[in-house]
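Structure file query.cif with mmCIF, C-alpha atoms:
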```
data_upload
loop_
_atom_site.label_atom_id
_atom_site.label_comp_id
_atom_site.auth_asym_id
_atom_site.auth_seq_id
_atom_site.Cartn_x
_atom_site.Cartn_y
_atom_site.Cartn_z
CA MET A 18 24.39 -64.01 -201.13
CA ASN A 19 26.52 -61.36 -202.91
CA ARG A 20 27.17 -57.93 -201.44
CA SER A 21 24.58 -56.05 -203.49
CA SER A 22 21.90 -58.60 -202.61
CA PHE A 23 22.79 -58.27 -198.94
CA VAL A 24 22.64 -54.46 -199.11
CA ALA A 25 19.29 -54.62 -200.91
CA LEU A 26 17.91 -57.04 -198.31
CA ALA A 27 19.19 -54.88 -195.45
CA ALA A 28 17.62 -51.78 -197.05
CA TRP A 29 14.30 -53.57 -197.50
CA LEU A 30 14.30 -54.83 -193.92
CA THR A 31 15.10 -51.34 -192.66
CA MET A 32 12.29 -49.81 -194.69
CA ALA A 33 9.96 -52.52 -193.46
CA GLY A 34 10.71 -51.41 -189.93
CA TYR A 35 12.96 -54.25 -188.86
CA VAL A 36 15.65 -53.33 -186.36
CA PHE A 37 19.28 -54.32 -186.26
CA GLY A 38 20.98 -54.59 -182.91
CA LEU A 39 24.41 -53.30 -182.05
CA ASN A 40 27.14 -55.64 -180.99
CA ILE A 41 29.64 -54.97 -178.23
CA GLY A 42 32.50 -53.01 -179.83
CA ASP A 43 30.27 -51.32 -182.41
CA LYS A 44 30.23 -47.55 -182.82
CA ALA A 45 27.03 -45.62 -182.13
CA PRO A 46 24.89 -45.04 -185.22
CA SER A 47 22.92 -41.89 -186.09
CA THR A 48 25.22 -39.74 -183.95
CA THR A 49 24.64 -36.54 -185.95
CA VAL A 50 20.84 -36.71 -186.00
CA LYS A 51 19.50 -33.61 -184.26
CA MET A 52 16.70 -34.28 -181.78
CA LYS A 53 14.57 -31.79 -179.89
CA ASN A 54 15.59 -31.50 -176.25
CA VAL A 55 13.20 -30.59 -173.45
CA ASP A 56 14.88 -27.16 -173.25
CA GLY A 57 13.94 -26.43 -176.86
CA SER A 58 17.43 -26.89 -178.31
CA GLU A 59 18.34 -29.41 -181.03
CA VAL A 60 20.87 -31.96 -179.76
CA SER A 61 22.64 -34.94 -181.33
CA ILE A 62 24.45 -37.83 -179.67
CA ALA A 63 27.72 -36.43 -181.01
CA ASP A 64 26.94 -33.07 -179.37
CA VAL A 65 26.88 -34.58 -175.89
CA ALA A 66 29.83 -37.00 -176.19
CA GLY A 67 32.01 -36.82 -173.07
CA LYS A 68 35.70 -37.39 -172.53
CA GLN A 69 34.99 -40.65 -170.70
CA GLY A 70 32.36 -41.86 -173.17
CA THR A 71 28.64 -41.55 -173.83
CA LEU A 72 25.59 -43.04 -172.18
CA VAL A 73 22.59 -43.32 -174.52
CA MET A 74 19.36 -44.52 -173.00
CA PHE A 75 16.01 -45.15 -174.67
CA SER A 76 13.23 -44.28 -172.30
CA CYS A 77 9.83 -42.63 -172.13
CA ASN A 78 7.30 -41.37 -169.61
CA HIS A 79 4.38 -43.79 -169.61
CA CYS A 80 6.04 -47.18 -169.15
CA PRO A 81 5.57 -48.60 -165.64
CA PHE A 82 9.07 -50.07 -165.85
CA VAL A 83 10.53 -46.66 -166.64
CA LYS A 84 8.58 -45.25 -163.70
CA ALA A 85 10.03 -47.95 -161.47
CA TRP A 86 13.55 -47.04 -162.59
CA GLN A 87 13.20 -43.31 -163.21
CA GLY A 88 14.84 -42.28 -159.94
CA ARG A 89 17.81 -44.51 -160.77
CA ILE A 90 17.89 -43.17 -164.36
CA ALA A 91 18.21 -39.65 -162.98
CA SER A 92 20.81 -40.44 -160.33
CA ILE A 93 22.99 -42.64 -162.55
CA GLY A 94 22.68 -40.21 -165.47
CA ASN A 95 23.52 -37.16 -163.38
CA ALA A 96 26.47 -38.93 -161.73
CA ALA A 97 27.76 -40.22 -165.07
CA LYS A 98 27.63 -36.72 -166.51
CA ALA A 99 29.46 -35.35 -163.51
CA SER A 100 32.21 -37.94 -163.98
CA GLY A 101 32.82 -37.02 -167.62
CA PHE A 102 30.32 -39.04 -169.64
CA GLY A 103 28.02 -37.51 -172.17
CA VAL A 104 24.47 -38.52 -171.30
CA ILE A 105 21.36 -38.42 -173.48
CA ILE A 106 17.94 -39.96 -172.88
CA ILE A 107 15.92 -40.58 -176.03
CA ASN A 108 12.15 -40.99 -176.24
CA ALA A 109 11.34 -42.80 -179.49
CA ASN A 110 7.72 -43.60 -178.62
CA ASP A 111 4.86 -42.33 -180.71
CA PRO A 112 2.85 -40.08 -178.35
CA ALA A 113 -0.23 -40.87 -180.42
CA ASP A 114 -0.17 -44.23 -178.63
CA TYR A 115 0.57 -42.77 -175.22
CA PRO A 116 -0.12 -39.04 -174.67
CA GLU A 117 1.97 -39.28 -171.49
CA ASP A 118 4.98 -39.55 -173.82
CA SER A 119 4.34 -36.14 -175.40
CA TYR A 120 6.99 -33.42 -175.53
CA THR A 121 5.31 -31.29 -172.87
CA GLU A 122 5.04 -34.29 -170.56
CA MET A 123 8.72 -35.00 -171.19
CA GLN A 124 9.55 -31.44 -170.14
CA SER A 125 7.64 -31.91 -166.91
CA ARG A 126 9.27 -35.26 -166.18
CA ALA A 127 12.80 -33.99 -166.82
CA LYS A 128 12.19 -31.07 -164.48
CA GLN A 129 10.57 -33.24 -161.82
CA LEU A 130 13.46 -35.72 -161.86
CA GLY A 131 16.18 -33.08 -162.08
CA PHE A 132 17.84 -34.31 -165.26
CA THR A 133 21.11 -32.44 -165.85
CA PHE A 134 21.36 -34.00 -169.31
CA PRO A 135 19.26 -33.84 -172.49
CA TYR A 136 15.96 -35.72 -172.75
CA VAL A 137 15.15 -35.66 -176.44
CA VAL A 138 12.50 -36.71 -178.97
CA ASP A 139 13.40 -39.24 -181.67
CA ALA A 140 10.79 -37.77 -184.01
CA THR A 141 10.89 -40.61 -186.54
CA SER A 142 11.95 -43.42 -184.17
CA ASP A 143 14.77 -44.02 -186.66
CA VAL A 144 17.51 -43.48 -184.09
CA ALA A 145 15.98 -46.26 -181.99
CA ARG A 146 15.73 -48.45 -185.08
CA ALA A 147 19.38 -47.78 -185.93
CA PHE A 148 20.42 -48.82 -182.43
CA GLY A 149 18.18 -51.87 -182.54
CA ALA A 150 16.56 -50.63 -179.34
CA THR A 151 13.29 -52.39 -178.55
CA ARG A 152 12.43 -51.61 -174.94
CA THR A 153 12.34 -48.89 -172.36
CA PRO A 154 14.46 -48.27 -170.40
CA GLU A 155 17.34 -49.68 -172.50
CA ALA A 156 20.91 -48.47 -171.96
CA PHE A 157 23.86 -48.28 -174.37
CA LEU A 158 27.23 -47.23 -172.90
CA PHE A 159 30.07 -46.22 -175.23
CA ASP A 160 33.65 -45.73 -174.09
CA LYS A 161 35.90 -42.77 -174.89
CA ASN A 162 36.79 -44.40 -178.21
CA GLY A 163 33.12 -44.53 -179.12
CA LYS A 164 32.84 -48.31 -178.83
CA LEU A 165 29.84 -49.99 -177.24
CA VAL A 166 30.94 -51.52 -173.95
CA TYR A 167 27.59 -52.19 -172.30
CA HIS A 168 24.04 -52.78 -173.55
CA GLY A 169 20.99 -53.70 -171.55
CA ALA A 170 19.33 -53.20 -168.21
CA ILE A 171 20.13 -50.63 -165.53
CA ASP A 172 20.17 -53.31 -162.85
CA ASP A 173 18.44 -56.55 -161.96
CA SER A 174 15.38 -55.50 -159.99
CA ARG A 175 12.33 -53.36 -160.51
CA GLU A 176 12.41 -52.69 -156.78
CA ALA A 177 15.29 -50.38 -155.91
CA ASP A 178 15.81 -51.99 -152.51
CA GLN A 179 16.13 -55.47 -154.02
CA VAL A 180 18.88 -54.77 -156.54
CA SER A 181 21.76 -57.22 -156.37
CA LYS A 182 23.46 -56.51 -159.73
CA HIS A 183 24.20 -52.90 -160.67
CA PHE A 184 24.93 -53.64 -164.33
CA LEU A 185 25.05 -50.11 -165.73
CA GLN A 186 26.84 -48.53 -162.78
CA ASP A 187 29.41 -51.33 -162.80
CA ALA A 188 29.96 -50.75 -166.53
CA ILE A 189 30.42 -47.01 -165.95
CA ASP A 190 32.87 -47.62 -163.11
CA ALA A 191 34.86 -50.16 -165.15
CA THR A 192 35.00 -47.80 -168.14
CA VAL A 193 36.30 -44.94 -166.00
CA ALA A 194 38.92 -47.28 -164.53
CA GLY A 195 39.94 -48.44 -168.00
CA LYS A 196 38.95 -52.00 -167.17
CA ALA A 197 36.80 -54.50 -169.05
CA VAL A 198 33.11 -54.22 -168.25
CA PRO A 199 32.21 -57.22 -166.05
CA VAL A 200 28.85 -57.98 -167.71
CA ALA A 201 28.63 -56.42 -171.16
CA GLU A 202 25.12 -57.44 -172.17
CA THR A 203 21.96 -58.07 -170.20
CA LYS A 204 18.33 -58.66 -171.06
CA PHE A 205 15.24 -57.63 -169.20
CA VAL A 206 11.51 -57.56 -169.63
CA GLY A 207 10.33 -54.08 -170.54
CA CYS A 208 7.80 -52.02 -172.44
CA GLY A 209 8.23 -52.33 -176.18
CA ILE A 210 9.11 -49.08 -177.94
CA LYS A 211 6.03 -47.73 -179.73
CA PHE A 212 7.74 -46.99 -183.03
CA ARG A 213 6.31 -44.30 -185.24
CA THR A 214 4.84 -45.71 -188.42
CA LYS A 215 6.90 -45.14 -191.56
CA ALA A 216 5.30 -42.64 -193.96
CA MET B 30 -47.41 -52.01 -187.19
CA VAL B 31 -46.84 -52.99 -183.57
CA ALA B 32 -45.66 -56.42 -184.72
CA ILE B 33 -43.17 -54.80 -187.10
CA ARG B 34 -41.87 -52.60 -184.26
CA ARG B 35 -41.52 -55.66 -182.03
CA VAL B 36 -39.64 -57.55 -184.72
CA THR B 37 -37.38 -54.54 -185.27
CA ALA B 38 -36.75 -54.17 -181.55
CA VAL B 39 -35.94 -57.86 -181.21
CA GLY B 40 -33.65 -57.60 -184.22
CA VAL B 41 -31.79 -54.62 -182.75
CA LEU B 42 -31.51 -56.41 -179.40
CA CYS B 43 -30.12 -59.53 -181.08
CA ALA B 44 -27.63 -57.45 -183.06
CA LEU B 45 -26.54 -55.69 -179.86
CA VAL B 46 -26.11 -58.99 -178.05
CA PHE B 47 -24.10 -60.32 -181.01
CA VAL B 48 -21.83 -57.24 -181.08
CA LEU B 49 -21.27 -57.33 -177.33
CA ALA B 50 -20.58 -61.04 -177.44
CA SER B 51 -18.04 -60.66 -180.21
CA CYS B 52 -16.28 -57.73 -178.56
CA GLY B 53 -15.99 -58.82 -174.94
CA PRO B 54 -15.05 -62.07 -173.25
CA THR B 55 -17.19 -64.95 -174.46
CA LYS B 56 -17.82 -66.34 -171.00
CA HIS B 57 -17.98 -65.21 -167.43
CA VAL B 58 -15.11 -66.51 -165.35
CA SER B 59 -14.94 -66.06 -161.61
CA ILE B 60 -11.59 -65.03 -160.17
CA ASP B 61 -11.77 -68.19 -158.05
CA ASP B 62 -11.70 -70.25 -161.25
CA VAL B 63 -8.52 -68.61 -162.52
CA HIS B 64 -5.41 -70.68 -161.86
CA VAL B 65 -2.01 -68.99 -162.11
CA SER B 66 1.12 -70.99 -161.35
CA PRO B 67 4.69 -69.69 -161.05
CA VAL B 68 6.98 -70.90 -163.84
CA THR B 69 10.58 -70.79 -164.95
CA SER B 70 11.63 -70.92 -168.59
CA ALA B 71 12.45 -74.62 -168.10
CA ASP B 72 8.85 -75.23 -167.01
CA VAL B 73 7.58 -73.43 -170.10
CA GLN B 74 9.89 -75.44 -172.35
CA LYS B 75 8.53 -78.61 -170.81
CA ALA B 76 4.96 -77.47 -171.43
CA ILE B 77 5.80 -76.60 -175.04
CA HIS B 78 6.87 -80.19 -175.68
CA ASP B 79 3.38 -81.56 -175.19
CA PRO B 80 2.81 -84.65 -177.36
CA ALA B 81 -0.93 -84.05 -177.26
CA ALA B 82 -0.65 -80.61 -178.88
CA LYS B 83 -0.53 -80.05 -182.64
CA ALA B 84 0.64 -76.47 -182.11
CA VAL B 85 1.58 -74.41 -179.07
CA LEU B 86 1.25 -70.66 -178.68
CA VAL B 87 3.17 -68.97 -175.85
CA ASN B 88 2.31 -65.37 -175.06
CA VAL B 89 4.26 -63.37 -172.48
CA TRP B 90 2.34 -60.35 -171.28
CA ALA B 91 1.86 -58.11 -168.25
CA THR B 92 -1.03 -56.25 -166.67
CA TRP B 93 0.93 -52.98 -166.96
CA CYS B 94 1.59 -53.46 -170.69
CA GLY B 95 -0.90 -51.56 -172.87
CA PRO B 96 -0.35 -53.50 -176.12
CA CYS B 97 -0.62 -56.75 -174.15
CA ARG B 98 -4.01 -55.77 -172.79
CA GLU B 99 -5.16 -54.60 -176.23
CA GLU B 100 -4.36 -57.88 -177.97
CA PHE B 101 -5.66 -60.10 -175.18
CA PRO B 102 -9.29 -60.48 -176.38
CA GLY B 103 -8.03 -61.67 -179.77
CA LEU B 104 -5.66 -64.06 -178.10
CA VAL B 105 -8.40 -65.56 -175.94
CA ARG B 106 -10.68 -65.89 -178.99
CA VAL B 107 -8.01 -67.84 -180.83
CA ALA B 108 -7.40 -70.04 -177.80
CA GLU B 109 -11.10 -70.87 -177.55
CA LYS B 110 -11.64 -71.33 -181.29
CA TYR B 111 -8.70 -73.67 -181.89
CA ASN B 112 -8.46 -75.48 -178.57
CA GLY B 113 -10.47 -78.38 -179.96
CA GLN B 114 -8.22 -78.60 -183.01
CA GLY B 115 -5.01 -79.22 -181.08
CA LEU B 116 -3.87 -75.72 -180.16
CA LYS B 117 -2.38 -75.30 -176.70
CA VAL B 118 -2.09 -71.73 -175.42
CA ILE B 119 0.36 -70.91 -172.64
CA LEU B 120 -0.12 -67.47 -171.13
CA VAL B 121 2.80 -66.27 -169.01
CA SER B 122 2.47 -63.05 -167.06
CA ALA B 123 5.69 -61.11 -166.59
CA ASP B 124 4.24 -59.23 -163.64
CA GLU B 125 5.95 -59.46 -160.29
CA THR B 126 4.83 -62.61 -158.47
CA THR B 127 3.57 -60.32 -155.70
CA ASP B 128 1.06 -58.93 -158.22
CA VAL B 129 -0.62 -62.28 -158.83
CA ALA B 130 -3.98 -60.97 -157.57
CA ALA B 131 -4.03 -58.32 -160.30
CA VAL B 132 -3.05 -60.98 -162.85
CA LYS B 133 -5.92 -63.23 -161.78
CA LYS B 134 -8.38 -60.35 -161.87
CA PHE B 135 -7.35 -59.44 -165.40
CA LEU B 136 -7.53 -63.04 -166.61
CA ALA B 137 -11.00 -63.44 -165.10
CA THR B 138 -12.14 -60.27 -166.85
CA GLU B 139 -10.82 -61.65 -170.14
CA GLY B 140 -12.58 -65.00 -169.64
CA VAL B 141 -9.48 -67.15 -169.24
CA ASP B 142 -10.52 -70.39 -167.54
CA PHE B 143 -7.55 -72.53 -168.57
CA PRO B 144 -4.32 -72.75 -166.55
CA ALA B 145 -2.11 -69.67 -166.79
CA TYR B 146 1.31 -68.83 -165.45
CA ILE B 147 3.43 -66.09 -163.92
CA LYS B 148 7.16 -65.69 -164.41
CA ALA B 149 9.12 -66.72 -161.34
CA GLU B 150 12.68 -66.29 -162.57
CA LYS B 151 15.09 -63.39 -163.15
CA ASP B 152 14.50 -61.63 -166.46
CA GLN B 153 17.75 -62.59 -168.18
CA ALA B 154 17.45 -66.28 -167.34
CA PHE B 155 13.78 -66.37 -168.32
CA ILE B 156 14.29 -64.54 -171.63
CA ASP B 157 17.29 -66.57 -172.75
CA GLY B 158 15.72 -69.78 -171.46
CA LEU B 159 12.66 -69.20 -173.60
CA ASP B 160 14.44 -68.00 -176.75
CA LYS B 161 17.62 -65.98 -177.22
CA GLN B 162 16.13 -63.94 -180.09
CA TRP B 163 13.57 -62.42 -177.72
CA THR B 164 14.83 -59.03 -176.51
CA GLY B 165 12.45 -58.92 -173.55
CA ALA B 166 9.97 -56.49 -175.11
CA LEU B 167 6.31 -57.19 -174.36
CA PRO B 168 4.09 -58.63 -175.55
CA ALA B 169 6.05 -61.51 -177.03
CA THR B 170 4.43 -64.40 -178.88
CA PHE B 171 6.00 -67.72 -179.84
CA ILE B 172 4.32 -70.39 -181.95
CA TYR B 173 5.70 -73.91 -181.94
CA ASN B 174 4.75 -76.90 -184.00
CA GLY B 175 3.64 -80.14 -182.36
CA GLY B 176 7.21 -81.28 -181.91
CA GLY B 177 8.10 -78.18 -179.93
CA LYS B 178 10.04 -76.52 -182.75
CA LEU B 179 9.68 -72.75 -182.95
CA ARG B 180 8.03 -71.68 -186.22
CA ASP B 181 6.98 -68.09 -185.49
CA PHE B 182 8.04 -65.38 -183.09
CA TRP B 183 7.26 -61.70 -182.81
CA GLU B 184 7.31 -58.84 -180.32
CA GLY B 185 4.46 -56.34 -180.11
CA GLY B 186 0.69 -56.50 -180.15
CA VAL B 187 -1.33 -57.99 -183.02
CA THR B 188 -4.97 -58.54 -183.88
CA PHE B 189 -7.14 -61.64 -183.73
CA SER B 190 -6.73 -62.17 -187.47
CA VAL B 191 -2.93 -62.26 -187.20
CA PHE B 192 -3.08 -64.72 -184.32
CA GLU B 193 -5.57 -66.83 -186.26
CA GLN B 194 -3.55 -66.82 -189.46
CA LYS B 195 -0.38 -67.93 -187.69
CA VAL B 196 -2.19 -70.61 -185.69
CA VAL B 197 -4.00 -71.97 -188.73
CA GLU B 198 -0.67 -72.17 -190.59
CA ALA B 199 0.91 -74.03 -187.67
CA LEU B 200 -2.00 -76.47 -187.35
CA ALA B 201 -2.15 -77.05 -191.11
CA LYS B 202 1.57 -77.74 -191.29
CA GLN B 203 1.21 -80.22 -188.46
CA SER B 204 -1.68 -81.98 -190.18
CA LYS B 205 0.22 -82.62 -193.42
CA PRO B 206 1.51 -86.18 -193.87
CA THR B 207 5.18 -86.53 -193.08
CA GLY B 208 7.84 -89.06 -193.98
CA GLY B 209 8.12 -88.52 -197.73
CA ASP B 210 11.11 -86.20 -197.77
CA SER B 211 13.93 -88.45 -196.68
#
```
Once more with this new file: its structure as structure tokens, please.
Amino acid sequence: MNRSSFVALAAWLTMAGYVFGLNIGDKAPSTTVKMKNVDGSEVSIADVAGKQGTLVMFSCNHCPFVKAWQGRIASIGNAAKASGFGVIIINANDPADYPEDSYTEMQSRAKQLGFTFPYVVDATSDVARAFGATRTPEAFLFDKNGKLVYHGAIDDSREADQVSKHFLQDAIDATVAGKAVPVAETKFVGCGIKFRTKA
Amino acid sequence: MVAIRRVTAVGVLCALVFVLASCGPTKHVSIDDVHVSPVTSADVQKAIHDPAAKAVLVNVWATWCGPCREEFPGLVRVAEKYNGQGLKVILVSADETTDVAAVKKFLATEGVDFPAYIKAEKDQAFIDGLDKQWTGALPATFIYNGGGKLRDFWEGGVTFSVFEQKVVEALAKQSKPTGGDS
């Protein structure tokens, strides 16, 4: 396949709603796309980038898995921000499918959980598509050079008291220490992102 | 006139029965008749390689997953319609094993009277053991040909007609004579 054919195929797949995943070492896509934060401001991934790196997480309100992890999302996110990471939580779900994922419900949830970082709306779901995100909650950690160093689950158990592998926290700690992330990619069962339909 | 009214009433009643029958589960299943066994991905792989099956459909779902619940009636319809034609359906719940009672209750409500399963393995091992292209998003559906080779995979909920189309394609492919290509 020549280059133009490949580009055309990639464009068609993108338009058709197919997603492309990031590989470890890749830069974050769609970093300048402004998304509405729960405080009313417009925020991009680039806006929140920290000196240690950036944590991007796709999440939502309705998903029972998100609810199981939401306390850990808040505590890890707040701690990461305090240690110099930019943190942004992105809701790419179509609230027409789940009203609990609406903007006003997001505002309530962010307040209830005490997020000190932006919780924003991916109004076209295109940021999620660009990341190749498919589930909630799904974490992407980028180092200070903007390279993806961790992608996947927060940890290995829905039950907080049964966690044995702290994947995301370990990745954050390793990144701060300038060491290689011990487990760079993990998979987990989660709610599929309810992508908005292309116009 | 009365006879006409009676005929009309019977007609409406029949239509209502038909609509209800086509919308809900086709049979009543008691929760005691629902069998759910714990499985690992290796167990599922073994079940996929069933010499008696012309096609195998694996669906991973969960009681807490909205799109899973929405597509379930269509899935059960396909299972019932094509069971006699060589389709084997393997339903694997991704709920916690401690939630097996809720899984059984849901399956009974949906009229599932064939053996079903619940994931009893860590997510990463189960996902990669089933198929590495699966991200873990639910629902996830895999369709294999009779030899256990994957021919279709998708994440997200679909309708009865999509299930049926994919299953018919898999069964038709399996029915074609082989051996002439070498």
What lies within 10 Å of B:Ile77 using all atoms listed in the file, ignoring chain neighbours under 2 positions off, as a compact mmCIF listing (two decimals) with C-alpha atoms, keeping the file's coordinate frame?
```txt
# COMPACT_ATOMS: atom_id res chain seq x y z
CA ALA B 71 12.45 -74.62 -168.10
CA ASP B 72 8.85 -75.23 -167.01
CA VAL B 73 7.58 -73.43 -170.10
CA GLN B 74 9.89 -75.44 -172.35
CA LYS B 75 8.53 -78.61 -170.81
CA ASP B 79 3.38 -81.56 -175.19
CA PRO B 80 2.81 -84.65 -177.36
CA ALA B 82 -0.65 -80.61 -178.88
CA ALA B 84 0.64 -76.47 -182.11
CA VAL B 85 1.58 -74.41 -179.07
CA LEU B 86 1.25 -70.66 -178.68
CA VAL B 87 3.17 -68.97 -175.85
CA LYS B 117 -2.38 -75.30 -176.70
CA VAL B 118 -2.09 -71.73 -175.42
CA ILE B 119 0.36 -70.91 -172.64
CA ILE B 172 4.32 -70.39 -181.95
CA TYR B 173 5.70 -73.91 -181.94
CA ASN B 174 4.75 -76.90 -184.00
CA GLY B 175 3.64 -80.14 -182.36
CA GLY B 176 7.21 -81.28 -181.91
CA GLY B 177 8.10 -78.18 -179.93
CA LYS B 178 10.04 -76.52 -182.75
CA LEU B 179 9.68 -72.75 -182.95
```
Could you tell me which residues the PyMOL selection byres ((chain A) within 9 of (chain B)) grabs in this file, written as a PyMOL selection string? chain A and resi 80-82+151-153+173-175+203-211
Could you state the separation of atom CA of B:Leu120 and atom CA of B:Lys134 in Å, given to one decimal place?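 Result for atom CA of B:Leu120 versus atom CA of B:Lys134: 14.3 Å, one decimal.
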Starting from the shown file, work through the PyMOL selection byres ((chain B and resi 65) around 12) and note down what comes out as an MDAnalysis selection string. chainID B and resid 60:64 66:68 119:124 126 128:137 141:149
Can those selected residues be exported to a file as a PDB file, in the coordinates of the input so that it contains C-alpha atoms?
```pdb
ATOM      1  CA  ILE B  60     -11.590 -65.030-160.170  1.00  0.00           C
ATOM      2  CA  ASP B  61     -11.770 -68.190-158.050  1.00  0.00           C
ATOM      3  CA  ASP B  62     -11.700 -70.250-161.250  1.00  0.00           C
ATOM      4  CA  VAL B  63      -8.520 -68.610-162.520  1.00  0.00           C
ATOM      5  CA  HIS B  64      -5.410 -70.680-161.860  1.00  0.00           C
ATOM      6  CA  SER B  66       1.120 -70.990-161.350  1.00  0.00           C
ATOM      7  CA  PRO B  67       4.690 -69.690-161.050  1.00  0.00           C
ATOM      8  CA  VAL B  68       6.980 -70.900-163.840  1.00  0.00           C
ATOM      9  CA  ILE B 119       0.360 -70.910-172.640  1.00  0.00           C
ATOM     10  CA  LEU B 120      -0.120 -67.470-171.130  1.00  0.00           C
ATOM     11  CA  VAL B 121       2.800 -66.270-169.010  1.00  0.00           C
ATOM     12  CA  SER B 122       2.470 -63.050-167.060  1.00  0.00           C
ATOM     13  CA  ALA B 123       5.690 -61.110-166.590  1.00  0.00           C
ATOM     14  CA  ASP B 124       4.240 -59.230-163.640  1.00  0.00           C
ATOM     15  CA  THR B 126       4.830 -62.610-158.470  1.00  0.00           C
ATOM     16  CA  ASP B 128       1.060 -58.930-158.220  1.00  0.00           C
ATOM     17  CA  VAL B 129      -0.620 -62.280-158.830  1.00  0.00           C
ATOM     18  CA  ALA B 130      -3.980 -60.970-157.570  1.00  0.00           C
ATOM     19  CA  ALA B 131      -4.030 -58.320-160.300  1.00  0.00           C
ATOM     20  CA  VAL B 132      -3.050 -60.980-162.850  1.00  0.00           C
ATOM     21  CA  LYS B 133      -5.920 -63.230-161.780  1.00  0.00           C
ATOM     22  CA  LYS B 134      -8.380 -60.350-161.870  1.00  0.00           C
ATOM     23  CA  PHE B 135      -7.350 -59.440-165.400  1.00  0.00           C
ATOM     24  CA  LEU B 136      -7.530 -63.040-166.610  1.00  0.00           C
ATOM     25  CA  ALA B 137     -11.000 -63.440-165.100  1.00  0.00           C
ATOM     26  CA  VAL B 141      -9.480 -67.150-169.240  1.00  0.00           C
ATOM     27  CA  ASP B 142     -10.520 -70.390-167.540  1.00  0.00           C
ATOM     28  CA  PHE B 143      -7.550 -72.530-168.570  1.00  0.00           C
ATOM     29  CA  PRO B 144      -4.320 -72.750-166.550  1.00  0.00           C
ATOM     30  CA  ALA B 145      -2.110 -69.670-166.790  1.00  0.00           C
ATOM     31  CA  TYR B 146       1.310 -68.830-165.450  1.00  0.00           C
ATOM     32  CA  ILE B 147       3.430 -66.090-163.920  1.00  0.00           C
ATOM     33  CA  LYS B 148       7.160 -65.690-164.410  1.00  0.00           C
ATOM     34  CA  ALA B 149       9.120 -66.720-161.340  1.00  0.00           C
TER      35      ALA B 149
END
```
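Among the candidates A:Asp143, A:Glu59, A:Asp114, A:Asp160, the residue lying nearest to A:Asp43 is A:Asp160 (atoms considered: all atoms listed in the file).
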With the PyMOL selection byres ((chain A and resi 47-52) around 8) as the selection, what would be picked from this file? Answer as a PDB file with C-alpha atoms, in the frame of the given file, please.
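Output file result10.pdb follows:
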```
ATOM      1  CA  ALA A  45      27.030 -45.620-182.130  1.00  0.00           C
ATOM      2  CA  PRO A  46      24.890 -45.040-185.220  1.00  0.00           C
ATOM      3  CA  LYS A  53      14.570 -31.790-179.890  1.00  0.00           C
ATOM      4  CA  ASN A  54      15.590 -31.500-176.250  1.00  0.00           C
ATOM      5  CA  GLU A  59      18.340 -29.410-181.030  1.00  0.00           C
ATOM      6  CA  VAL A  60      20.870 -31.960-179.760  1.00  0.00           C
ATOM      7  CA  SER A  61      22.640 -34.940-181.330  1.00  0.00           C
ATOM      8  CA  ILE A  62      24.450 -37.830-179.670  1.00  0.00           C
ATOM      9  CA  ALA A  63      27.720 -36.430-181.010  1.00  0.00           C
ATOM     10  CA  ASP A  64      26.940 -33.070-179.370  1.00  0.00           C
ATOM     11  CA  VAL A 137      15.150 -35.660-176.440  1.00  0.00           C
ATOM     12  CA  VAL A 138      12.500 -36.710-178.970  1.00  0.00           C
ATOM     13  CA  ASP A 139      13.400 -39.240-181.670  1.00  0.00           C
ATOM     14  CA  ALA A 140      10.790 -37.770-184.010  1.00  0.00           C
ATOM     15  CA  VAL A 144      17.510 -43.480-184.090  1.00  0.00           C
ATOM     16  CA  ALA A 147      19.380 -47.780-185.930  1.00  0.00           C
TER      17      ALA A 147
END
```
Could you give me, as JSON, numbers by chain, the residues within 8 Å of A:Val200, counting all atoms listed in the file and dropping anything in the same chain fewer than 4 positions from it? {"A": [167, 184, 188]}
